Structure formats: structure tokens, C-alpha cells
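**Student:** The structure follows.
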There are 2 protein chains.
Amino acid sequence: MSSFIQPRTPSGTLELLPRQQMVFQHMLDVIRRGYERFGFVQVETPVFELKDVLLTKSGGETEKQVYFVQSTGSLQQGHEPDMALHFDLTVPLARYVAEHERELVFPFRRYQIQRSYRGERPQKGRAREFYQCDIDVIGKDKLDAAYDAELPAIIVQIFTELGIGDFTIHFSNRKILLGLLTAWGVADTETQKLVLREIDKLDKIGLAKVQEAIVALGVADAVAAKVLELVALKGSKDEMLAALRKLEVSEPVFAEGLAELEKMVSSLRALGVTEARTRINLAIARGLDYYTGTVYETLIDAHPEIGSVCSGGRYENLAGLYTRSKLPGVGLSIGATRLYEQLAALDLLPPVPHTVQVLVLQLEEAMRADYLALAAQLRTSGLTVENYLEPAKLDKQLKYASKSGIPLAVLFGSTEKEAGTVLVKELDKKIQHEVKRDDVAAFLGSLGN
Amino acid sequence: MSSFIQPRTPSGTLELLPRQQMVFQHMLDVIRRGYERFGFVQVETPVFELKDVLLTKSGGETEKQVYFVQSTGSLQQGHEPDMALHFDLTVPLARYVAEHERELVFPFRRYQIQRSYRGERPQKGRAREFYQCDIDVIGKDKLDAAYDAELPAIIVQIFTELGIGDFTIHFSNRKILLGLLTAWGVADTETQKLVLREIDKLDKIGLAKVQEAIVALGVADAVAAKVLELVALKGSKDEMLAALRKLEVSEPVFAEGLAELEKMVSSLRALGVTEARTRINLAIARGLDYYTGTVYETLIDAHPEIGSVCSGGRYENLAGLYTRSKLPGVGLSIGATRLYEQLAALDLLPPVPHTVQVLVLQLEEAMRADYLALAAQLRTSGLTVENYLEPAKLDKQLKYASKSGIPLAVLFGSTEKEAGTVLVKELDKKIQHEVKRDDVAAFLGSLGN
């Protein structure tokens, strides 16, 4: 018994102490409530998928770093694993919609809050397990562009409720740049996509290098310059739309993109979204070819260095690998684990109330039945209440409360019982109140607010 | 493109359609709220643990059927997996408490609602992925027996709120039978444990076979008969306690068990737990040697055949493999996935409200801004609201609402706009109301209740 197994968690996972867990869980709860407020329904999928379903060679780099799963029996028999942990929530969504297509109603509006897994090499900052909070609307055959405005409206409410400071959802529409490239003589669609992929690197490598790379793709100097001028354009949404209209480009793809952007702007206003929380930013290109129209990224104004904390966009066809049906969609994802870690490191997370509001102390062991009954009564009035049930000195019990972070303690001894009173301690303020026994629930409730 | 990958989930997993997911999630929410109401704090641990931490040869049979986890890189290099998915929430709790011991406050009261994994062979009814909702109190060096009464009080509130019909928490204390066996001449503690393990099989194999098995362990016929007579005893808690007192056994282990049972009963009453929801049942032995005192099982009165839906008990030392500290505890676990499946199969799950309360239809595409603004306003008043944003005929939109299960639809065309009214449809009742535009939020709120 002298040698113990060292208790430790695998690297790349986030395990929190209870007080931190409350902050994190509060974040997940706010996200969930926000998604539900806008009429999205929850979906949950198994943590693992069959290998042939998950690894379809369409996931790019992420597919090369998964976690395979294999039972003891399968491993002992020398089999290859036939399952793997999902690396995002998009492939499971595609599989889910294709599998249950006939039982679902379209437009299908689902949210999904689950952990995903990447088989990364242990490396600082690389998460192997992380929460994603995805929201998507999937249409059958078609999906109106009006849905694209709803998602940022949801995110604005959620991030505002989280109280993490000013933030901005930057959005664009890939059709704008793709259409312009066609209009300006870059007709090859592969080259167009490569140009957008370079533009996506602006933040990282800067204007000069991006321009160089675009020219290296065979784009004329003058066109590259015009594209980059546009991409650098800043202004209100109306100014941006006016600037785009002023280009007087009749190329249909461009016109479609512009009409969709205009619809976005008017819909955001109809939804009452604060102007400052969203802006048109033509530099938002999203590297993934997966996106075909609207694209979003979300930056925390005071901390652009942490990059986008909520991204997504419009795609043409969700589940082409699994079904003949055409399923266009639009989606956004909050990387909650990463967001939590970054905000916590910057001390940007506002405190959240302790989930335990009241601790009923045990002053006299003989009065235990009184303490249990008092706690039960307080719970009936909606409070979350803990009984301290160890025989221990008052000091030790108060220390327990303050170390736990529980804000209120109730003291009730035979003296108080006789007097028909109760003592209530506000632990952070070090204030003590004497309250009538009959009024204690209402009094604690009033302190809780 | 003619050959699609067949979209399917691995066997032994539970994947639900949105309306079912709401019922299941409601169950998890009720459990979580119940745990928090009694002052338990949430803990979440990674889905995988390092192999040497998880597989300690203490988990018995379950350890032999785990899921190993291995990254693409590790697999390609021919390495052995060094992680596995947790098969319960007890080992992760032990590891968590040992790892964070110095940062935690004792008694440490945690709940944990997560999925666990068992590498079962595909077989009907065997779950490979399933939710567990665990609640435990962990003491440092000691933990008062009073904590044992709190857990069933919590479960009674939760199961009552779930509305699944009458149920009974059967409890006992292993010290009663162990002490009696000593008093009646069966002194060997290994034999004692084996006797309890046989008693645990009563439901499955019946009295005669259990008696036979106990005698085969070397227990005298008369003693076996006395034990089984006791185990078959039925009565109110007071009658059961009286019967035990009447035995006048002075063996200290028995006396301790009896005192703890008495404390349980008085504490349950102090907590206001309905008498019929708990009973002393000396046949509850729990097969696991892990338990050392109080043991619990929960049966649904009308369906004893589904077995215990919430079990647990008191244990001596949680984390002896990881730390020198002695950490006694008491815990209970609800197997939520299994519970959901069984109750759903028996049609015992009461319906839960749809998470989307209101669907705002789009009668005229030109009025889209009105619909978005109306939905935004309704959300402000606390309703969960979806906008239908596809241009579609009224019939199709109403069919969408009723197929989704959304209870209320709002119709607002130019006629209503001019009249300053709104039409509200209660879809299941097929009733339509004409409401003043200004009153619609309040009206919908009143229907929601």
C-alpha cells in the first residue's frame, strides 16, 4: 500500500474545480437558453461514429488526427478499430439528418452542445477534448437567405448575456469576391477559391504577402490591388453596401451575393440587433471551400489577438456523402472550451453566483432534525440549500462555507429557537442579521437578488 | 456519386429524435436541479482516463470490457493504446478527489451527469454508451451517518417531479446482517460477504436456491433460515426497527448498523420525506463488497420487473489506490439512459412541453421585417419563438408546426396589420383567437401556462 497510482488527467483536457465549473456551466447554460429562445431544438449524437461513416476523406486535415475506439475484446483479437470519436459536430449532424431524414421536419433547426475530440500530439494549448456549441438550419432542396441573419442575432444575445465586453460579428458573403473575380477576368473557379484562401490569411501574414501570393496565382497586379483595396474597406453597413453597389458589377454571382448581404442587413435591423455588434467585413473569407455564401467570424473588440470565437457560414449541401437529397444549410459554432480558457486567462469572465445559496450550520448536534427541517423548508421556497451535518466547531463550519464560496450561512441554536429567531450571516460582507424564524425564507430570498 | 455511405449509428447507443430528446433532456434537467437544490456542486471529468489510472484491477468485471482510445498517429506506429473511456463515474471521482484533494473542501458534495462507456459485445439491450447521474458526499477521515438520509430525500424529490408514478426507495444497512452473522456464529468475514452476495440474488433465483447456496457456504441450516426469515420481513419503518431491536443482539457491528438505520429514519422524517416513498428492506444487500453500511435500491412500484432504477450506498474509502488519505463516502446513481428507455417502453414518461412555444408564420414575404420584429418582441417577454422564413403556403407552414409539435402559431397578414390584431392558433386544440397586436405577448404567455 505504500505505492500509489498517481492521479492525473490526460494532457489536452480541461478539468475544472467546482467554482470554475460553475462559471463554465453558466456559459453553456446561457448558450443553450439563447439557442432555445430562437426556437432551435436539441440533438445529441453518440461520442463515437463508425469509421466508414466518420472518415470520408472530406474532412481534410482533421480526419488525419482522430481518436480510434476499440473494445478490450477487439483489441485482444488483434482487430483494427471500427469506430472513432467525432472530431466536430458537423459530420455527426450530416449523418443524423441523412439517417433520420424522413422523420425530421425541414427547415430543420438544431443545436448541439457536446465535446469533440482531436488526436493531437500533446502540445501546449492543443486541446484533445473540447466543447462545441453548434447551431444550424438545414433546408430541403433550398433554404431562404433570411435564415442567415437569425444566427448572428442569436450570438449577439448570447455574448451580451455572457457579459464579456464589446464584441463584433464580422460577416461577408463569398459570392461578392467570387463574383468580382469573375467580372475582373479571373474566371477559373479553382483560382478564385485559392484567392479567397489567401485573403483568409490577411490577419496572419499581412497585406503585402497576401498580394504577392494572389499575383503568384496568376491574378493580374491591378486586379489583386483592387481586390485588396475592397477587402481593406471599412465603414458602416450602409456605407459598405453603397460602396459595393457603386462598383456597378452586373456579374450574377456578385449580384446574388450583394442581394443576400442586403437581406442580412435589413433582417438584422428587423430583429433589433444593435448596429455596433455586426459589421460587413469583406476580408472574412473563411479558408474552407465548404462555405458558399454568407460567412461569419466573431471578434472580441478589446482582444482581436485571440481570433474568432464564433464562426460559420452558409453551405450548399450538408450530407452529399450519405444521401441523394440536397440539404443546404447555414450554421455557427462557439468553441466553448477554448472561449472559456481564453476569457479566463484574460480575466474577462464575470463572476457567477454559487449554485449553493445557503448553508445551514449545525450548531448543536441534538438539533439536527431542526436543521434538516429548516433546510427542507428553505428549498420549498426555491432556494438551493446545503446542510452541514458533521459535528464540528462553528469556526470550522464557517471556514468550510467561505472556502466553498457559499454566500449565506444560517445559524440556529437553542437560544434562537427559544427566541423564535434565526441568525443569517452574509459571508463576504461579514454582516450578520437576526431574523424572525418565520421570515427567514423571504429574507434569504431577498438577499439572493 | 451513385454509391452513398449508409448513415447509421453504432449499436448500443441511444440517439433520439428532437421530440424524444426534449423528454430525455427534461429528465436530465430535473435531476440536475434536484441535485443542486440540495447543495451539490457539479464536476465534469474528461471522457477518457490514462490506462494505468483507470484500470486498477479493482473494478471487477467492468474493467474487462472497456473501450481503449488511440490517436491515428499512435495506431500507425503500432503502439498500445494508453487511454480508455471511463466505464463509470466512480473511478473518475476517486481520481478527481485524490488529484485535487488540497483544493477541495470536505465534506465534498459533488454531482456528475455524464455518459459512460462499456465495451460490450453488440447484443440487444446492452448499452455501450449511457448516461449516469451520480451524486456523492465524500468526507475526509470520517463522514457522519446523517448524510446517508439526504440522498434518498433528493431522489424522492426528483422522481416525484419526473411524474413517473409511485416508487419506493428500499434501504438497509449491511452492518445489520454482517453483525447478525457474527452473533449467530458465522464469524469469517469472507463467508459473511458471500452470504450477502447470495441474498442479493433473491429476486432472481428465489428463496429456496438462496437458502441452499448459503448452507453450501457452511452456514448452519437454522442460521440460514433465521437470516432468510429476517430478510423476508415486511413492515413500516418503525415496525422493522422494532423487530431488529427485539432481536436483542449486542454484537457491536449490528448495534452500529441499527443505530445508523434509526438515524436514517429520523432524518428522513425531519427532511419531510413522504413515508410511503422509503422503506427498510433487509433483502437489499448489494452484491458489491465495496459498500460497507447503508445500501439503497429504488423500485417503481407498478413495475418491479425493471429492477432498481437508482442504487448506491455507503463506502469506507473512495480513493485508496491514489492517496493515503482516508475518504469515506456515500453515493447514489441514476442510470438515466436505461431509465429513459425503460419508462419510454412502458409509456410511463409524462409529456414535456415543446422547447419552442411559438411559431411566427410568414403569410406575406413582403412583411418579413414585421415577422422578425414580432418574434424579437415575443422573445423579450420570455417566450421561445421560431420564425418560419421560407416562402411557403399557409398549409405547408401549419403542417410544419404540427409535425414539429410546436403548440402555438401566430398569423399576421396585412389585413391584421391594418386592424392592429394578430391571429393565434392553438394547434392541438384547433382553436383560433384574434388578439390585439399590443396584447399578443401577454396572451401567448397566458396560453403557455
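Chain labels follow the order of the C-alpha cells: the first chain is A, the next B, and so on; residue numbering restarts at 1 in every chain, and ligands are counted from 1 in their shown order.
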Residues of chain B within 6 Å of chain A, using only C-alpha atoms, as JSON, numbers by chain?

**Tutor:** {"B": [4, 5, 6, 7, 15, 37, 38, 39, 45, 65, 66, 67, 68, 69, 70, 71, 72, 95, 99, 119, 144, 270, 271, 321, 322, 356, 369, 372, 373, 376, 384, 385, 386, 390]}

**Student:** Generate a file of the selected residues that holds C-alpha atoms, formatted as a PDB file, in the first residue's frame.

**Tutor:**
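Printed below is out-v2.pdb as written:
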```pdb
ATOM      1  CA  PHE B   4     -23.624   6.600 -50.732  1.00  0.00           C
ATOM      2  CA  ILE B   5     -22.202   5.699 -47.349  1.00  0.00           C
ATOM      3  CA  GLN B   6     -25.061   4.291 -45.306  1.00  0.00           C
ATOM      4  CA  PRO B   7     -25.674   6.737 -42.454  1.00  0.00           C
ATOM      5  CA  GLU B  15     -29.845   8.578 -30.441  1.00  0.00           C
ATOM      6  CA  ARG B  37     -31.367  22.203  -4.745  1.00  0.00           C
ATOM      7  CA  PHE B  38     -29.689  20.143  -2.029  1.00  0.00           C
ATOM      8  CA  GLY B  39     -26.417  21.986  -2.377  1.00  0.00           C
ATOM      9  CA  THR B  45     -14.214  14.847 -15.955  1.00  0.00           C
ATOM     10  CA  GLN B  65     -14.870  -4.575 -21.099  1.00  0.00           C
ATOM     11  CA  VAL B  66     -13.646  -1.077 -21.704  1.00  0.00           C
ATOM     12  CA  TYR B  67     -13.102   0.999 -24.796  1.00  0.00           C
ATOM     13  CA  PHE B  68      -9.489   1.843 -25.477  1.00  0.00           C
ATOM     14  CA  VAL B  69      -8.679   5.103 -27.211  1.00  0.00           C
ATOM     15  CA  GLN B  70      -5.762   5.701 -29.523  1.00  0.00           C
ATOM     16  CA  SER B  71      -4.843   8.539 -31.870  1.00  0.00           C
ATOM     17  CA  THR B  72      -4.232   7.993 -35.571  1.00  0.00           C
ATOM     18  CA  ARG B  95      -9.142  10.131  -9.267  1.00  0.00           C
ATOM     19  CA  GLU B  99      -5.815  14.718  -7.654  1.00  0.00           C
ATOM     20  CA  GLY B 119     -17.029  -2.255 -24.474  1.00  0.00           C
ATOM     21  CA  ASP B 144     -21.417  11.379   9.632  1.00  0.00           C
ATOM     22  CA  ALA B 270     -37.012  15.650   9.598  1.00  0.00           C
ATOM     23  CA  LEU B 271     -36.497  16.242   5.888  1.00  0.00           C
ATOM     24  CA  LEU B 321      -5.435   3.454  -4.848  1.00  0.00           C
ATOM     25  CA  TYR B 322      -4.474   7.071  -5.413  1.00  0.00           C
ATOM     26  CA  VAL B 356     -40.358  26.007 -28.984  1.00  0.00           C
ATOM     27  CA  ALA B 369     -39.386  42.515 -41.241  1.00  0.00           C
ATOM     28  CA  LEU B 372     -38.783  39.152 -37.357  1.00  0.00           C
ATOM     29  CA  ALA B 373     -39.655  42.156 -35.186  1.00  0.00           C
ATOM     30  CA  ALA B 376     -37.979  39.505 -31.267  1.00  0.00           C
ATOM     31  CA  THR B 384     -39.176  30.809 -27.079  1.00  0.00           C
ATOM     32  CA  VAL B 385     -40.069  31.733 -30.635  1.00  0.00           C
ATOM     33  CA  GLU B 386     -39.243  30.484 -34.093  1.00  0.00           C
ATOM     34  CA  GLU B 390     -39.326  30.075 -46.243  1.00  0.00           C
TER      35      GLU B 390
END
```

**Student:** If we count only C-alpha atoms, what is near Lys436 in chain A at a cut-off of 9 Å, once residues fewer than 5 positions away on the same chain are taken out, given as a list in words?

**Tutor:**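 So, after excluding close chain neighbours, the residues are Ala419, Gly420, Thr421, Val422 and Leu423 of chain A.
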
**Student:** Residues at most 12 Å from Glu418 in chain A, counting only C-alpha atoms, excluding those fewer than 5 positions away in the same chain, as number ranges by chain?

**Tutor:** A: 412-413, 436-437

**Student:** Which residues, written as a list in words, have at least one atom at most 10 Å from Glu161 in chain A, with only C-alpha atoms counted and residues fewer than 5 positions away on the same chain left out?

**Tutor:**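 Near neighbours after the sequence-gap exclusion: Met27, Val30, Ile31, Gly34, Ile155 and Val156 of chain A.
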
**Student:** With a distance cut-off of 12 Å and only C-alpha atoms, select the neighbouring residues of Ser250 in chain B, excluding the residue or stretch itself and same-chain residues fewer than 6 positions from it, and output the selection as JSON, numbers by chain.

**Tutor:** {"B": [176, 179, 180, 182, 183, 184, 244, 256, 257, 258]}

**Student:** For those residues, write N, CA and C atoms to a file as a tab-separated table (two decimals), in the first residue's frame.

**Tutor:**
```tsv
chain	number	residue	atom	x	y	z
B	176	ILE	N	-26.15	-4.65	9.61
B	176	ILE	CA	-27.18	-5.44	10.28
B	176	ILE	C	-26.94	-6.94	10.06
B	179	GLY	N	-23.40	-8.12	11.22
B	179	GLY	CA	-23.36	-8.23	12.68
B	179	GLY	C	-24.13	-9.45	13.18
B	180	LEU	N	-25.29	-9.69	12.57
B	180	LEU	CA	-26.09	-10.85	12.98
B	180	LEU	C	-25.36	-12.15	12.70
B	182	THR	N	-22.18	-12.66	12.61
B	182	THR	CA	-21.17	-12.83	13.67
B	182	THR	C	-21.84	-13.35	14.94
B	183	ALA	N	-22.93	-12.67	15.31
B	183	ALA	CA	-23.62	-13.05	16.55
B	183	ALA	C	-24.13	-14.48	16.48
B	184	TRP	N	-24.48	-14.92	15.29
B	184	TRP	CA	-25.06	-16.26	15.14
B	184	TRP	C	-24.01	-17.30	14.75
B	244	LEU	N	-35.96	-5.42	14.79
B	244	LEU	CA	-34.50	-5.55	14.93
B	244	LEU	C	-34.08	-5.37	16.39
B	256	GLU	N	-24.22	-0.92	15.67
B	256	GLU	CA	-23.86	0.24	14.85
B	256	GLU	C	-24.81	0.37	13.67
B	257	GLY	N	-25.04	-0.74	13.01
B	257	GLY	CA	-25.96	-0.74	11.86
B	257	GLY	C	-27.35	-0.30	12.26
B	258	LEU	N	-27.81	-0.81	13.41
B	258	LEU	CA	-29.15	-0.44	13.88
B	258	LEU	C	-29.23	1.05	14.20
```

**Student:** Going by DSSP on the backbone, which residues of range 114-341 of chain B come out as strand (DSSP E or B)? List them as a ChimeraX atom specification.

**Tutor:** /B:114-117,129-138,167-173,278-280,291-300,310-315,329-334

**Student:** Counting only C-alpha atoms, which of B:Asp347, B:Gln112, B:Ala283, B:Gly185 gets nearest to Glu229 in chain B?

**Tutor:**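 Among the listed residues, the smallest separation from Glu229 in chain B belongs to B:Ala283.
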
**Student:** Excluding Leu327 in chain B and residues on its chain fewer than 3 positions from it, collect all residues at most 6 Å away from it, counting only C-alpha atoms, and give them as an MDAnalysis selection string.

**Tutor:** chainID B and resid 139:141 317:318

**Student:** Using the selection just defined, write its residues with C-alpha atoms as a compact mmCIF listing (two decimals), in the first residue's frame.

**Tutor:**
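selection_7.txt, written as the output of this step:
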```
# COMPACT_ATOMS: atom_id res chain seq x y z
CA GLY B 139 -15.69 13.01 3.91
CA LYS B 140 -12.11 13.37 4.99
CA ASP B 141 -11.27 10.67 7.57
CA ASN B 317 -12.66 4.56 1.35
CA LEU B 318 -13.08 6.13 -2.08
```

**Student:** Excluding Pro152 in chain A and any residue of its chain fewer than 3 positions from it, enumerate the residues within 12 Å of it, using only C-alpha atoms, and give them as a short mmCIF file (atom, residue, chain, number, x, y, z; two decimals) with N, CA and C atoms, in the first residue's frame.

**Tutor:**
```cif
data_model
loop_
_atom_site.label_atom_id
_atom_site.label_comp_id
_atom_site.auth_asym_id
_atom_site.auth_seq_id
_atom_site.Cartn_x
_atom_site.Cartn_y
_atom_site.Cartn_z
N GLY A 34 -30.03 30.64 -25.12
CA GLY A 34 -30.05 31.52 -26.29
C GLY A 34 -30.50 30.77 -27.53
N TYR A 35 -29.98 29.58 -27.72
CA TYR A 35 -30.37 28.78 -28.88
C TYR A 35 -31.86 28.41 -28.80
N PHE A 38 -34.57 31.12 -29.63
CA PHE A 38 -34.83 31.36 -31.04
C PHE A 38 -35.45 30.14 -31.73
N ILE A 135 -24.97 25.47 -33.96
CA ILE A 135 -26.35 25.76 -34.31
C ILE A 135 -26.42 25.81 -35.82
N ASP A 136 -27.40 25.12 -36.39
CA ASP A 136 -27.53 25.06 -37.85
C ASP A 136 -29.00 25.04 -38.24
N ALA A 146 -32.86 34.51 -45.68
CA ALA A 146 -33.28 35.20 -44.46
C ALA A 146 -32.77 34.49 -43.21
N TYR A 147 -32.59 33.17 -43.31
CA TYR A 147 -32.11 32.43 -42.14
C TYR A 147 -30.69 32.84 -41.72
N ASP A 148 -29.94 33.38 -42.71
CA ASP A 148 -28.56 33.75 -42.40
C ASP A 148 -28.47 34.87 -41.37
N ALA A 149 -29.52 35.68 -41.26
CA ALA A 149 -29.49 36.82 -40.32
C ALA A 149 -29.83 36.40 -38.90
N ILE A 155 -26.31 34.97 -31.56
CA ILE A 155 -24.98 35.10 -30.95
C ILE A 155 -24.86 36.43 -30.21
N VAL A 156 -25.42 37.50 -30.79
CA VAL A 156 -25.36 38.80 -30.11
C VAL A 156 -26.05 38.71 -28.75
N GLN A 157 -27.22 38.08 -28.70
CA GLN A 157 -27.91 37.96 -27.41
C GLN A 157 -27.07 37.14 -26.42
N ILE A 158 -26.51 36.05 -26.90
CA ILE A 158 -25.74 35.15 -26.01
C ILE A 158 -24.50 35.85 -25.47
N PHE A 159 -23.71 36.44 -26.35
CA PHE A 159 -22.46 37.07 -25.90
C PHE A 159 -22.76 38.29 -25.02
N THR A 160 -23.85 38.99 -25.31
CA THR A 160 -24.23 40.11 -24.46
C THR A 160 -24.57 39.60 -23.06
N PHE A 167 -18.03 43.13 -28.49
CA PHE A 167 -17.61 42.16 -29.50
C PHE A 167 -18.28 42.55 -30.80
N THR A 168 -17.76 42.04 -31.89
CA THR A 168 -18.34 42.34 -33.20
C THR A 168 -18.39 41.08 -34.06
N ILE A 169 -19.55 40.84 -34.62
CA ILE A 169 -19.66 39.75 -35.60
C ILE A 169 -19.37 40.35 -36.97
N HIS A 170 -18.27 39.91 -37.56
CA HIS A 170 -17.89 40.35 -38.90
C HIS A 170 -18.50 39.36 -39.89
N PHE A 171 -19.15 39.89 -40.89
CA PHE A 171 -19.70 38.95 -41.87
C PHE A 171 -19.47 39.43 -43.28
N MET A 264 -29.47 40.39 -45.30
CA MET A 264 -28.87 40.22 -43.97
C MET A 264 -29.02 41.49 -43.16
N VAL A 265 -28.63 42.59 -43.77
CA VAL A 265 -28.61 43.87 -43.05
C VAL A 265 -30.02 44.27 -42.64
N SER A 267 -32.61 42.33 -42.28
CA SER A 267 -33.16 41.37 -41.31
C SER A 267 -32.55 41.58 -39.93
N LEU A 268 -31.25 41.87 -39.87
CA LEU A 268 -30.61 42.15 -38.57
C LEU A 268 -31.30 43.33 -37.90
N ARG A 269 -31.66 44.33 -38.71
CA ARG A 269 -32.34 45.50 -38.14
C ARG A 269 -33.74 45.15 -37.66
N LEU A 271 -34.68 42.41 -36.57
CA LEU A 271 -34.54 41.63 -35.34
C LEU A 271 -34.06 42.48 -34.16
N GLY A 272 -33.80 43.76 -34.43
CA GLY A 272 -33.42 44.67 -33.35
C GLY A 272 -31.99 44.49 -32.86
N VAL A 273 -31.12 43.95 -33.71
CA VAL A 273 -29.73 43.73 -33.30
C VAL A 273 -28.98 45.08 -33.27
N THR A 274 -28.35 45.38 -32.16
CA THR A 274 -27.57 46.62 -32.01
C THR A 274 -26.59 46.77 -33.18
N GLU A 275 -26.60 47.96 -33.81
CA GLU A 275 -25.79 48.18 -35.01
C GLU A 275 -24.32 47.84 -34.82
N ARG A 277 -22.81 45.80 -33.10
CA ARG A 277 -22.42 44.40 -32.83
C ARG A 277 -22.15 43.60 -34.11
N THR A 278 -22.52 44.16 -35.26
CA THR A 278 -22.26 43.44 -36.51
C THR A 278 -21.68 44.40 -37.53
N ARG A 279 -20.80 43.91 -38.37
CA ARG A 279 -20.33 44.74 -39.48
C ARG A 279 -19.98 43.88 -40.69
N THR A 294 -22.86 33.39 -47.22
CA THR A 294 -22.57 34.13 -46.00
C THR A 294 -21.47 33.45 -45.20
N VAL A 295 -20.56 34.24 -44.66
CA VAL A 295 -19.55 33.72 -43.72
C VAL A 295 -19.47 34.68 -42.54
N TYR A 296 -19.22 34.10 -41.35
CA TYR A 296 -19.17 34.90 -40.13
C TYR A 296 -17.90 34.60 -39.34
N GLU A 297 -17.42 35.63 -38.65
CA GLU A 297 -16.41 35.45 -37.61
C GLU A 297 -16.74 36.44 -36.51
N THR A 298 -16.38 36.11 -35.27
CA THR A 298 -16.72 36.99 -34.16
C THR A 298 -15.45 37.35 -33.39
N CYS A 310 -16.37 32.62 -32.60
CA CYS A 310 -17.62 32.03 -33.08
C CYS A 310 -17.66 32.23 -34.58
N SER A 311 -17.62 31.15 -35.34
CA SER A 311 -17.51 31.26 -36.79
C SER A 311 -18.48 30.29 -37.47
N GLY A 312 -18.67 30.56 -38.75
CA GLY A 312 -19.52 29.66 -39.52
C GLY A 312 -19.89 30.26 -40.84
N GLY A 313 -20.97 29.74 -41.42
CA GLY A 313 -21.40 30.26 -42.70
C GLY A 313 -22.42 29.38 -43.37
N VAL A 330 -27.09 26.67 -43.05
CA VAL A 330 -26.26 27.76 -42.54
C VAL A 330 -26.04 27.47 -41.06
N GLY A 331 -24.80 27.69 -40.60
CA GLY A 331 -24.51 27.33 -39.22
C GLY A 331 -23.43 28.18 -38.59
N LEU A 332 -23.41 28.11 -37.26
CA LEU A 332 -22.40 28.85 -36.48
C LEU A 332 -21.97 27.93 -35.35
N SER A 333 -20.74 28.10 -34.90
CA SER A 333 -20.25 27.26 -33.81
C SER A 333 -19.45 28.10 -32.81
N ILE A 334 -19.76 27.90 -31.54
CA ILE A 334 -18.97 28.52 -30.48
C ILE A 334 -18.07 27.44 -29.90
#
```

**Student:** From the list A:Gly218, A:Arg245, A:Glu364, A:Lys204, which residue is nearest Glu305 in chain A when using only C-alpha atoms?

**Tutor:**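 Nearest to Glu305 in chain A: A:Lys204.
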
**Student:** So how many Å separate CA of Gln132 in chain A and CA of Gln114 in chain A, to one decimal?

**Tutor:**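 If I compute the distance from CA of Gln132 in chain A to CA of Gln114 in chain A, I get 5.7 Å.
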